[in-house]
Every structure is written in C-alpha cells, then in structure tokens.
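J.: Contents are mmCIF, C-alpha atoms; file name structure.cif:
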```
data_structure
loop_
_atom_site.group_PDB
_atom_site.id
_atom_site.type_symbol
_atom_site.label_atom_id
_atom_site.label_comp_id
_atom_site.auth_asym_id
_atom_site.auth_seq_id
_atom_site.Cartn_x
_atom_site.Cartn_y
_atom_site.Cartn_z
ATOM 1 C CA MET U 1017 0.000 0.000 0.000
ATOM 2 C CA GLU U 1018 2.875 2.312 0.572
ATOM 3 C CA ASN U 1019 3.852 1.842 -3.032
ATOM 4 C CA GLU U 1020 0.425 2.955 -4.215
ATOM 5 C CA HIS U 1021 0.563 5.968 -1.915
ATOM 6 C CA ALA U 1022 4.035 6.915 -3.152
ATOM 7 C CA ALA U 1023 2.982 6.519 -6.740
ATOM 8 C CA THR U 1024 0.031 8.818 -6.336
ATOM 9 C CA GLU U 1025 1.965 11.552 -4.513
ATOM 10 C CA SER U 1026 4.910 11.688 -6.865
ATOM 11 C CA PRO U 1027 3.075 13.016 -9.943
ATOM 12 C CA VAL U 1028 1.321 15.600 -7.803
ATOM 13 C CA GLU U 1029 4.609 16.914 -6.404
ATOM 14 C CA ASP U 1030 6.141 17.153 -9.901
ATOM 15 C CA ALA U 1031 3.085 18.905 -11.263
ATOM 16 C CA ALA U 1032 3.132 21.640 -8.605
ATOM 17 C CA PRO U 1033 6.086 23.662 -10.021
ATOM 18 C CA GLN U 1034 4.738 23.314 -13.532
ATOM 19 C CA GLU U 1035 1.356 24.539 -12.432
ATOM 20 C CA GLN U 1036 2.949 27.495 -10.665
ATOM 21 C CA ALA U 1037 4.913 28.384 -13.776
ATOM 22 C CA ALA U 1038 1.863 28.026 -15.935
ATOM 23 C CA ALA U 1039 -0.152 29.981 -13.441
ATOM 24 C CA ASP U 1040 2.364 32.872 -13.373
ATOM 25 C CA PRO U 1041 3.626 33.500 -16.937
ATOM 26 C CA ALA U 1042 4.951 36.912 -15.895
ATOM 27 C CA ALA U 1043 7.314 35.264 -13.398
ATOM 28 C CA ARG U 1044 8.436 32.748 -16.021
ATOM 29 C CA LEU U 1045 9.007 35.557 -18.525
ATOM 30 C CA ALA U 1046 11.013 37.507 -15.939
ATOM 31 C CA ALA U 1047 13.130 34.411 -15.176
ATOM 32 C CA LEU U 1048 13.829 33.849 -18.889
ATOM 33 C CA ALA U 1049 14.669 37.535 -19.384
ATOM 34 C CA ALA U 1050 17.096 37.411 -16.433
ATOM 35 C CA GLU U 1051 18.676 34.250 -17.834
ATOM 36 C CA ARG U 1052 18.948 35.906 -21.279
ATOM 37 C CA ASP U 1053 20.549 38.999 -19.728
ATOM 38 C CA GLN U 1054 23.020 36.828 -17.806
ATOM 39 C CA LEU U 1055 23.925 34.914 -20.981
ATOM 40 C CA GLU U 1056 24.356 38.195 -22.875
ATOM 41 C CA ALA U 1057 26.636 39.535 -20.115
ATOM 42 C CA ASP U 1058 28.640 36.273 -20.186
ATOM 43 C CA LYS U 1059 28.928 36.530 -23.972
ATOM 44 C CA ILE U 1060 30.163 40.132 -23.761
ATOM 45 C CA GLU U 1061 32.703 39.197 -21.078
ATOM 46 C CA LEU U 1062 33.986 36.224 -23.095
ATOM 47 C CA ASN U 1063 34.203 38.355 -26.235
ATOM 48 C CA ASP U 1064 36.132 41.015 -24.295
ATOM 49 C CA ARG U 1065 38.508 38.367 -22.929
ATOM 50 C CA LEU U 1066 38.996 36.976 -26.429
ATOM 51 C CA LEU U 1067 39.833 40.428 -27.809
ATOM 52 C CA ARG U 1068 42.253 41.097 -24.953
ATOM 53 C CA ARG U 1069 44.004 37.764 -25.497
ATOM 54 C CA ALA U 1070 44.245 38.444 -29.225
ATOM 55 C CA ALA U 1071 45.755 41.876 -28.514
ATOM 56 C CA GLU U 1072 48.162 40.373 -25.962
ATOM 57 C CA PHE U 1073 49.213 37.745 -28.492
ATOM 58 C CA GLU U 1074 49.756 40.372 -31.190
ATOM 59 C CA ASN U 1075 51.868 42.461 -28.788
ATOM 60 C CA PHE U 1076 53.838 39.338 -27.845
ATOM 61 C CA ARG U 1077 54.407 38.500 -31.520
ATOM 62 C CA ARG U 1078 55.616 42.040 -32.254
ATOM 63 C CA ARG U 1079 57.918 42.043 -29.214
ATOM 64 C CA VAL U 1080 59.433 38.683 -30.181
ATOM 65 C CA GLU U 1081 59.957 39.905 -33.759
ATOM 66 C CA ARG U 1082 61.591 43.123 -32.512
ATOM 67 C CA GLU U 1083 63.841 41.196 -30.094
ATOM 68 C CA ARG U 1084 64.773 38.770 -32.868
ATOM 69 C CA ALA U 1085 65.714 41.659 -35.174
ATOM 70 C CA GLU U 1086 67.762 43.285 -32.400
ATOM 71 C CA LEU U 1087 69.535 39.988 -31.716
ATOM 72 C CA LEU U 1088 70.378 39.556 -35.396
ATOM 73 C CA GLU U 1089 71.636 43.133 -35.579
ATOM 74 C CA PHE U 1090 73.742 42.622 -32.457
ATOM 75 C CA ALA U 1091 75.207 39.413 -33.888
ATOM 76 C CA ALA U 1092 75.987 41.113 -37.214
ATOM 77 C CA SER U 1093 77.537 44.033 -35.349
ATOM 78 C CA ALA U 1094 79.709 41.660 -33.318
ATOM 79 C CA VAL U 1095 80.920 39.904 -36.469
ATOM 80 C CA ALA U 1096 81.683 43.225 -38.148
ATOM 81 C CA GLY U 1097 83.565 44.346 -35.031
ATOM 82 C CA GLU U 1098 85.655 41.181 -35.102
ATOM 83 C CA LEU U 1099 86.565 41.828 -38.751
ATOM 84 C CA LEU U 1100 87.735 45.418 -38.197
ATOM 85 C CA PRO U 1101 91.295 44.382 -37.211
ATOM 86 C CA VAL U 1102 91.477 42.399 -40.473
ATOM 87 C CA LEU U 1103 90.526 45.540 -42.408
ATOM 88 C CA ASP U 1104 93.168 47.480 -40.462
ATOM 89 C CA ASP U 1105 95.789 44.870 -41.374
ATOM 90 C CA PHE U 1106 94.806 45.064 -45.035
ATOM 91 C CA GLU U 1107 95.080 48.860 -44.984
ATOM 92 C CA ARG U 1108 98.537 48.693 -43.404
ATOM 93 C CA ALA U 1109 99.666 46.021 -45.875
ATOM 94 C CA LEU U 1110 98.455 48.055 -48.831
ATOM 95 C CA LYS U 1111 100.471 51.093 -47.697
ATOM 96 C CA VAL U 1112 103.730 49.113 -47.932
ATOM 97 C CA GLU U 1113 105.413 49.123 -51.346
ATOM 98 C CA SER U 1114 105.711 45.672 -52.887
ATOM 99 C CA ALA U 1115 108.003 44.503 -55.665
ATOM 100 C CA ASP U 1116 105.342 42.139 -56.927
ATOM 101 C CA LYS U 1117 102.649 44.392 -58.421
ATOM 102 C CA GLU U 1118 100.290 41.492 -59.194
ATOM 103 C CA TYR U 1119 100.412 40.358 -55.579
ATOM 104 C CA ALA U 1120 99.698 43.913 -54.379
ATOM 105 C CA ARG U 1121 96.792 44.209 -56.847
ATOM 106 C CA GLY U 1122 95.359 40.894 -55.578
ATOM 107 C CA MET U 1123 95.570 42.096 -51.970
ATOM 108 C CA GLU U 1124 93.820 45.337 -52.929
ATOM 109 C CA LEU U 1125 91.014 43.428 -54.669
ATOM 110 C CA ILE U 1126 90.497 41.169 -51.648
ATOM 111 C CA TYR U 1127 90.410 44.213 -49.375
ATOM 112 C CA GLN U 1128 87.867 45.984 -51.606
ATOM 113 C CA ARG U 1129 85.679 42.885 -51.769
ATOM 114 C CA LEU U 1130 85.707 42.412 -47.990
ATOM 115 C CA LEU U 1131 84.942 46.090 -47.433
ATOM 116 C CA GLU U 1132 82.026 45.995 -49.904
ATOM 117 C CA VAL U 1133 80.503 42.925 -48.220
ATOM 118 C CA LEU U 1134 80.719 44.643 -44.836
ATOM 119 C CA LYS U 1135 79.256 47.860 -46.247
ATOM 120 C CA ARG U 1136 76.281 45.951 -47.656
ATOM 121 C CA SER U 1137 75.650 44.456 -44.219
ATOM 122 C CA GLY U 1138 75.626 47.934 -42.639
ATOM 123 C CA LEU U 1139 79.239 48.945 -41.950
ATOM 124 C CA GLU U 1140 79.933 52.643 -42.581
ATOM 125 C CA PRO U 1141 83.500 54.026 -42.471
ATOM 126 C CA LEU U 1142 83.784 57.415 -40.778
ATOM 127 C CA VAL U 1143 85.210 60.292 -42.785
ATOM 128 C CA CYS U 1144 87.582 62.189 -40.511
ATOM 129 C CA GLU U 1145 90.306 64.239 -42.173
ATOM 130 C CA ASN U 1146 89.600 67.987 -42.326
ATOM 131 C CA GLN U 1147 86.456 67.501 -40.213
ATOM 132 C CA LYS U 1148 85.753 69.054 -36.809
ATOM 133 C CA PHE U 1149 86.700 66.853 -33.868
ATOM 134 C CA ASP U 1150 83.657 65.157 -32.345
ATOM 135 C CA PRO U 1151 84.339 63.314 -29.066
ATOM 136 C CA HIS U 1152 81.358 61.039 -29.783
ATOM 137 C CA LEU U 1153 82.964 59.788 -33.000
ATOM 138 C CA HIS U 1154 86.685 60.397 -32.566
ATOM 139 C CA HIS U 1155 89.348 59.592 -30.035
ATOM 140 C CA ALA U 1156 92.213 62.095 -30.024
ATOM 141 C CA VAL U 1157 95.561 60.337 -29.647
ATOM 142 C CA GLU U 1158 97.659 63.387 -30.485
ATOM 143 C CA MET U 1159 97.227 67.148 -30.484
ATOM 144 C CA ALA U 1160 99.421 69.236 -32.732
ATOM 145 C CA PRO U 1161 99.716 73.020 -32.717
ATOM 146 C CA SER U 1162 98.711 74.472 -36.079
ATOM 147 C CA GLU U 1163 97.864 77.916 -37.387
ATOM 148 C CA GLU U 1164 97.040 76.700 -40.898
ATOM 149 C CA VAL U 1165 93.708 75.096 -40.004
ATOM 150 C CA GLU U 1166 90.913 75.932 -37.615
ATOM 151 C CA ASP U 1167 91.141 74.860 -33.977
ATOM 152 C CA GLN U 1168 89.863 71.306 -33.254
ATOM 153 C CA THR U 1169 90.186 70.208 -36.879
ATOM 154 C CA ILE U 1170 91.331 66.654 -37.540
ATOM 155 C CA LEU U 1171 94.713 66.659 -39.238
ATOM 156 C CA GLU U 1172 95.293 62.941 -39.619
ATOM 157 C CA GLU U 1173 93.447 59.682 -39.132
ATOM 158 C CA ARG U 1174 95.566 57.109 -37.321
ATOM 159 C CA ARG U 1175 92.968 54.342 -37.303
ATOM 160 C CA ARG U 1176 89.685 54.423 -39.189
ATOM 161 C CA GLY U 1177 86.462 54.541 -37.217
ATOM 162 C CA TYR U 1178 83.250 52.781 -38.197
ATOM 163 C CA LYS U 1179 79.533 52.901 -37.636
ATOM 164 C CA PHE U 1180 77.282 49.894 -37.999
ATOM 165 C CA ARG U 1181 73.743 50.702 -39.106
ATOM 166 C CA GLY U 1182 73.946 54.186 -37.639
ATOM 167 C CA ARG U 1183 75.541 53.195 -34.311
ATOM 168 C CA LEU U 1184 79.164 53.844 -33.507
ATOM 169 C CA LEU U 1185 81.048 50.563 -33.668
ATOM 170 C CA ARG U 1186 84.551 51.935 -33.148
ATOM 171 C CA PRO U 1187 85.744 55.541 -32.767
ATOM 172 C CA ALA U 1188 88.455 56.821 -35.088
ATOM 173 C CA LEU U 1189 91.890 57.474 -33.621
ATOM 174 C CA VAL U 1190 92.882 60.951 -34.827
ATOM 175 C CA LYS U 1191 95.453 63.715 -34.625
ATOM 176 C CA VAL U 1192 93.796 67.051 -33.824
ATOM 177 C CA ALA U 1193 94.955 70.614 -34.514
ATOM 178 C CA VAL U 1194 95.020 73.079 -31.620
ATOM 179 C CA ARG U 1195 95.878 76.742 -31.548
ATOM 180 C CA PRO U 1196 99.401 77.380 -30.238
#
```
Hey, can you dump this file as structure tokens for me?
T.:
Amino acid sequence: MENEHAATESPVEDAAPQEQAAADPAARLAALAAERDQLEADKIELNDRLLRRAAEFENFRRRVERERAELLEFAASAVAGELLPVLDDFERALKVESADKEYARGMELIYQRLLEVLKRSGLEPLVCENQKFDPHLHHAVEMAPSEEVEDQTILEERRRGYKFRGRLLRPALVKVAVRP
C-alpha cells in the first residue's frame, strides 16, 4: 500500500512547479529575461577576454619579432667588429710598397671585396680628415699646434672609425689641430 501511496503523490509533487509556472507567466518571462541577460553579459565578457588575449598575443608577436631583429643586428655588429682588425691589417699592408705588383693588386682586390661585403651588411666608415673633432665619433691620440687650419680640426686619421647601421662601432683614432 505504501507503493500505491508513493505513486500517487509523486506526480502531484512534480506537477506543482509546472502549475505554478503556468499559473504565473509573468514570473516565467522575468526568469527567462534574467537568464537571457546573464547569458548576454557572459557573452560580452567572453568576447572582451577573447579580444584582450588576441591583442596580448599580437603584442607578444611584435615584441618577439623586434627582439629577434635586435639579436640579429647585435650578432651582425659583433661579427663586423671582429673583422675590423682584419681591415686594419689590409690597410697597413696596402700602404707598404711591394716589388710584386700582381700580388699587391690581388691584396687590394680582396680588401675591396671584404669592405664591400661589410658595407652591404651595414658597416659605414667614418670620414675624418679635415672635419671638426667630435668626441662622440673620434678619439684624439695626439694634439698638434697648427695655425694653418681651424682649432679642433682633424689633421690625420691614425685608425679608421666605423659605424654599424647608424651606431658607432669603433671611434676613429685621430690627430687634432690646436691653436698654439
């Protein structure tokens, strides 16, 4: 008998909320509107989060690309800096007179080729003679009194200076004129 009693009560209990909802359509409509508003707010929040993540990813991608470019430039600059003593040796060797003109011409061609490759990668030799002394670009190793040229004019370049892609790689060693 308990089973019959339980079976008869169960459908009545389940029907009560449905009857209340059917009896109060305004409450049901308000509940659906609240649920819709909550879902809309969730959608807006998720869309905002998606846009923020996309912007963060784009910023990350740009930063990584910029850092990669800087690393490549630094590596190229380091290689160019390591090759500067070789250029200096070539310049000194070319200043010495040689009995074998073909050998000297070959050395000059190798020097020119090496210099052109470095220039294409961003190396820029500094022009110094007859220029005003600039402590940001030149290193004065000697000062000579002179009345023939203006004060602080570079008289002689002892060692060539270079820039690499606009940045000073090595200052030029120069002889500077001073007023007596």
J.: Between atom CA of U:Ala1193 and atom CA of U:Thr1169, measure the distance and give it in Å to one decimal.
T.: 5.3 Å
J.: Name the closest residue to U:Lys1179 among the candidates U:Ala1047, U:Leu1055, U:Leu1142, U:Ala1109; distances are taken between atoms, counting all atoms listed in the file.
T.: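 The shortest atom-to-atom distance to U:Lys1179 comes from U:Leu1142.
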J.: With a distance cut-off of 10 Å and all atoms listed in the file, select the neighbouring residues of stretch 1080-1091 of chain U, excluding the residue or stretch itself and same-chain residues fewer than 6 positions from it, and output the selection as an mmCIF file with C-alpha atoms, in the coordinates of the input.
T.:
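After the write, around24.cif holds the following:
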```cif
data_model
loop_
_atom_site.group_PDB
_atom_site.id
_atom_site.type_symbol
_atom_site.label_atom_id
_atom_site.label_comp_id
_atom_site.auth_asym_id
_atom_site.auth_seq_id
_atom_site.Cartn_x
_atom_site.Cartn_y
_atom_site.Cartn_z
ATOM 1 C CA GLU U 1074 49.756 40.372 -31.190
ATOM 2 C CA GLY U 1097 83.565 44.346 -35.031
ATOM 3 C CA SER U 1137 75.650 44.456 -44.219
ATOM 4 C CA GLY U 1138 75.626 47.934 -42.639
ATOM 5 C CA PHE U 1180 77.282 49.894 -37.999
ATOM 6 C CA ARG U 1181 73.743 50.702 -39.106
#
```
J.: Distance atom CA of U:Glu1163-atom CA of U:Lys1148, one decimal place?
T.: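 Distance reported for this atom pair: 15.0 Å.
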J.: Can you list, as a count of residues only, every protein, DNA or RNA residue that comes within 12 Å of U:Pro1151 when you count only C-alpha atoms, leaving out same-chain residues fewer than 6 positions away?
T.: 11
J.: I'd like the interatomic distance between atom CA of U:Glu1107 and atom CA of U:His1154, to a tenth of an Å.
T.: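 Those two atoms sit 18.9 Å apart.
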J.: Draw an axis-aligned box over all listed atoms of stretch 1101-1107 of chain U, pad each side with 6 Å, and write its centre and edge lengths in Å, one decimal, as JSON.
T.:
```
{"center_x": 93.2, "center_y": 45.6, "center_z": -41.1, "size_x": 17.3, "size_y": 18.5, "size_z": 19.8}
```
J.: Once the PyMOL selection byres ((chain U and resi 1195) around 10) has been applied to the shown file, what residues remain in the selection, as a ChimeraX atom specification?
T.: /U:1159-1168,1193-1194,1196
